[in-house]
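Asker: Attaching a single structure in structure tokens format; questions to follow.
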Amino acid sequence: MSDITVNFVSPNGTRTVTATAKEGDCLLTIAQINDQALEGTCEGQMACSTCHVIVDAADFDRLPEASEMEEDMLDLAAGARRTSRLACQITLTSELDGLTVRIPTESHNMQGV
Ligand code: FES
């Protein structure tokens with residue numbers, strides 16, 4: 001199976017980290033492995049929204065639709081916008097190869113990145 005490429009753009013847009021993932025990997029896990037400032041406090045239980053990412057508008061329609069519960073959590077996420085998603089709810093597949101997401105400025109992180 002070929003690798004899936006994901007691009008993580010820093011909150012101010014100046015830095016992009018290109019990561020590789022495997023089919024079935026969780027986007028949040030890949031972000032954390034690659035030192036992205038996403039807390040993911042609830043570890044995918046859809047109870048925190050600290051894994052909020054902003055999907056590149058060009059890629060947004062490639063993602064499966066968010067569940068109602070995810071939409072509800074996104075309503076609470078700071079700085080959420082139309083193309084926001086919860087990274088813990090995104091399973092990477094070959095259809096998502098080349099996905100670009102931005103880490104929101106408002107993300108609460110401990111590293112001050
Ligand atoms: Fe908490 Fe995604 S890790 S909602």
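Chain labels follow the order of the structure tokens: the first chain is A, the next B, and so on; residue numbering restarts at 1 in every chain, and ligands are counted from 1 in their shown order.
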Would you name the residues within 9 Å of ligand 1, counting only C-alpha atoms and all ligand atoms, and put them as a PyMOL selection string?
Answerer: chain A and resi 28+38-52+70+73-74+86-89
Asker: With DSSP run on the backbone, what are the strand (DSSP E or B) residues within range 33-89 of chain A? I'd like them as a VMD selection string.
Answerer: chain A and resid 52 to 55 84 to 86
Asker: Residues within 10 Å of Gln36 in chain A, please, as a VMD selection string. Count only C-alpha atoms; anything in the same chain fewer than 2 positions from it doesn't count.
Answerer: chain A and resid 8 to 10 17 28 to 34 38 to 39 102 to 103 109 111 113
Asker: May I ask for the distance between CA of Ala78 in chain A and CA of Leu92 in chain A, given in Å to one decimal place?
Answerer: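 Result for CA of Ala78 in chain A versus CA of Leu92 in chain A: 24.2 Å, one decimal.
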Asker: Report the residues of chain A whose backbone DSSP state falls under alpha helix (DSSP H), written as JSON, numbers by chain.
Answerer: {"A": [27, 28, 29, 30, 31, 32, 33, 57, 58, 59, 60, 68, 69, 70, 71, 72, 73, 74, 75, 76]}
Asker: Write to file, as a compact mmCIF listing (two decimals), in the first residue's frame, the residues of the selection just made, with all heavy atoms.
Answerer:
```txt
# COMPACT_ATOMS: atom_id res chain seq x y z
N LEU A 27 -5.88 11.20 11.45
CA LEU A 27 -5.18 12.46 11.17
C LEU A 27 -4.57 13.07 12.44
O LEU A 27 -3.47 13.60 12.42
CB LEU A 27 -6.14 13.45 10.51
CG LEU A 27 -5.55 14.81 10.14
CD1 LEU A 27 -4.41 14.68 9.14
CD2 LEU A 27 -6.62 15.74 9.58
N LEU A 28 -5.28 12.95 13.56
CA LEU A 28 -4.77 13.51 14.82
C LEU A 28 -3.45 12.83 15.22
O LEU A 28 -2.49 13.48 15.61
CB LEU A 28 -5.81 13.35 15.93
CG LEU A 28 -5.35 13.79 17.32
CD1 LEU A 28 -4.97 15.26 17.34
CD2 LEU A 28 -6.43 13.51 18.36
N THR A 29 -3.40 11.52 15.10
CA THR A 29 -2.20 10.78 15.46
C THR A 29 -1.02 11.22 14.59
O THR A 29 0.09 11.46 15.09
CB THR A 29 -2.44 9.26 15.26
OG1 THR A 29 -3.64 8.92 15.94
CG2 THR A 29 -1.28 8.45 15.80
N ILE A 30 -1.27 11.36 13.31
CA ILE A 30 -0.20 11.77 12.39
C ILE A 30 0.27 13.19 12.74
O ILE A 30 1.46 13.48 12.73
CB ILE A 30 -0.69 11.69 10.92
CG1 ILE A 30 -1.09 10.26 10.57
CG2 ILE A 30 0.38 12.20 9.95
CD1 ILE A 30 0.01 9.22 10.77
N ALA A 31 -0.67 14.05 13.08
CA ALA A 31 -0.30 15.42 13.46
C ALA A 31 0.60 15.40 14.69
O ALA A 31 1.62 16.09 14.75
CB ALA A 31 -1.56 16.24 13.74
N GLN A 32 0.23 14.60 15.66
CA GLN A 32 1.00 14.57 16.91
C GLN A 32 2.37 13.95 16.70
O GLN A 32 3.36 14.43 17.25
CB GLN A 32 0.20 13.84 17.99
CG GLN A 32 -1.01 14.68 18.40
CD GLN A 32 -1.90 14.00 19.42
OE1 GLN A 32 -1.93 12.78 19.49
NE2 GLN A 32 -2.62 14.78 20.19
N ILE A 33 2.44 12.91 15.91
CA ILE A 33 3.74 12.28 15.61
C ILE A 33 4.67 13.30 14.96
O ILE A 33 5.87 13.28 15.16
CB ILE A 33 3.55 11.06 14.67
CG1 ILE A 33 2.84 9.93 15.40
CG2 ILE A 33 4.90 10.58 14.12
CD1 ILE A 33 2.46 8.76 14.51
N ALA A 57 -9.49 24.71 1.56
CA ALA A 57 -10.78 24.75 0.86
C ALA A 57 -10.79 23.80 -0.34
O ALA A 57 -11.81 23.17 -0.64
CB ALA A 57 -11.09 26.17 0.42
N ALA A 58 -9.66 23.67 -1.01
CA ALA A 58 -9.59 22.81 -2.19
C ALA A 58 -9.72 21.33 -1.84
O ALA A 58 -10.07 20.51 -2.68
CB ALA A 58 -8.28 23.06 -2.92
N ASP A 59 -9.43 21.01 -0.59
CA ASP A 59 -9.47 19.60 -0.17
C ASP A 59 -10.74 19.23 0.57
O ASP A 59 -11.03 18.05 0.76
CB ASP A 59 -8.28 19.30 0.77
CG ASP A 59 -6.97 19.28 0.02
OD1 ASP A 59 -6.98 18.90 -1.17
OD2 ASP A 59 -5.95 19.63 0.63
N PHE A 60 -11.45 20.24 1.00
CA PHE A 60 -12.56 19.98 1.94
C PHE A 60 -13.58 18.98 1.40
O PHE A 60 -14.02 18.08 2.12
CB PHE A 60 -13.24 21.30 2.31
CG PHE A 60 -14.24 21.15 3.42
CD1 PHE A 60 -13.81 20.90 4.72
CD2 PHE A 60 -15.59 21.24 3.17
CE1 PHE A 60 -14.73 20.75 5.75
CE2 PHE A 60 -16.52 21.09 4.20
CZ PHE A 60 -16.08 20.84 5.49
N GLU A 68 -23.11 14.67 12.92
CA GLU A 68 -23.78 15.75 13.63
C GLU A 68 -23.04 16.10 14.93
O GLU A 68 -22.90 17.25 15.30
CB GLU A 68 -25.20 15.30 13.96
CG GLU A 68 -26.21 16.41 13.81
CD GLU A 68 -27.61 15.85 13.78
OE1 GLU A 68 -27.99 15.24 12.76
OE2 GLU A 68 -28.28 16.01 14.79
N MET A 69 -22.54 15.07 15.58
CA MET A 69 -21.83 15.28 16.84
C MET A 69 -20.55 16.08 16.60
O MET A 69 -20.19 16.97 17.37
CB MET A 69 -21.49 13.92 17.45
CG MET A 69 -21.22 13.99 18.91
SD MET A 69 -21.20 12.32 19.57
CE MET A 69 -20.18 12.61 20.99
N GLU A 70 -19.87 15.75 15.50
CA GLU A 70 -18.65 16.51 15.17
C GLU A 70 -19.01 17.97 14.89
O GLU A 70 -18.34 18.88 15.36
CB GLU A 70 -17.94 15.88 13.98
CG GLU A 70 -16.64 16.63 13.64
CD GLU A 70 -15.90 16.06 12.45
OE1 GLU A 70 -16.15 14.92 12.05
OE2 GLU A 70 -15.03 16.79 11.93
N GLU A 71 -20.08 18.18 14.13
CA GLU A 71 -20.53 19.55 13.84
C GLU A 71 -20.80 20.31 15.14
O GLU A 71 -20.45 21.48 15.28
CB GLU A 71 -21.80 19.55 12.99
CG GLU A 71 -21.68 18.94 11.61
CD GLU A 71 -21.00 19.87 10.61
OE1 GLU A 71 -20.57 20.95 11.03
OE2 GLU A 71 -20.90 19.49 9.44
N ASP A 72 -21.43 19.63 16.08
CA ASP A 72 -21.75 20.27 17.35
C ASP A 72 -20.48 20.67 18.10
O ASP A 72 -20.39 21.76 18.67
CB ASP A 72 -22.58 19.33 18.24
CG ASP A 72 -24.01 19.20 17.73
OD1 ASP A 72 -24.38 19.96 16.83
OD2 ASP A 72 -24.73 18.33 18.23
N MET A 73 -19.48 19.80 18.07
CA MET A 73 -18.22 20.12 18.76
C MET A 73 -17.52 21.29 18.05
O MET A 73 -16.94 22.15 18.68
CB MET A 73 -17.28 18.91 18.76
CG MET A 73 -17.60 17.84 19.77
SD MET A 73 -17.92 18.44 21.44
CE MET A 73 -16.38 19.23 21.84
N LEU A 74 -17.61 21.29 16.73
CA LEU A 74 -16.95 22.36 15.97
C LEU A 74 -17.57 23.72 16.26
O LEU A 74 -16.90 24.74 16.22
CB LEU A 74 -17.01 22.06 14.46
CG LEU A 74 -16.00 21.00 14.00
CD1 LEU A 74 -16.32 20.56 12.58
CD2 LEU A 74 -14.58 21.52 14.08
N ASP A 75 -18.88 23.69 16.58
CA ASP A 75 -19.53 24.94 16.94
C ASP A 75 -18.88 25.56 18.17
O ASP A 75 -18.92 26.76 18.39
CB ASP A 75 -21.02 24.70 17.24
CG ASP A 75 -21.82 24.49 15.96
OD1 ASP A 75 -21.30 24.81 14.88
OD2 ASP A 75 -22.95 24.00 16.06
N LEU A 76 -18.28 24.72 18.98
CA LEU A 76 -17.66 25.20 20.22
C LEU A 76 -16.17 25.50 20.05
O LEU A 76 -15.54 26.08 20.93
CB LEU A 76 -17.80 24.13 21.33
CG LEU A 76 -19.21 23.64 21.64
CD1 LEU A 76 -19.16 22.51 22.65
CD2 LEU A 76 -20.06 24.79 22.17
```
Asker: Do you know which residues are at most 8 Å from Asp97 in chain A counting only C-alpha atoms, after dropping those on the same chain fewer than 4 positions away, and could you put them as a PyMOL selection string?
Answerer: chain A and resi 4-6+92-93
Asker: Take CA of Thr18 in chain A and CA of Ser67 in chain A and report the distance between them in Å, one decimal.
Answerer: 27.1 Å
Asker: So which one's closest to Thr105 in chain A, A:Cys26, A:Leu63, A:Ala80, A:Val55? Using only C-alpha atoms, please.
Answerer: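 The answer is A:Ala80, which sits nearest to Thr105 in chain A.
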Asker: Figure out the distance between CA of Asp61 in chain A and CA of Ile90 in chain A, please, to one decimal in Å.
Answerer: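 Going from CA of Ile90 in chain A over to CA of Asp61 in chain A, I get 12.9 Å.
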Asker: May I ask which of the residues A:Arg62, A:Ala37, A:Arg85, A:Gly98 is the closest one to Ala21 in chain A, counting only C-alpha atoms?
Answerer: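 Of the candidates, the smallest distance to Ala21 in chain A is held by A:Gly98.
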Asker: Which residue is closest to Glu95 in chain A? Choose from A:Asp56, A:Glu23, A:Asp35, A:Glu65 and count only C-alpha atoms.
Answerer: A:Glu23
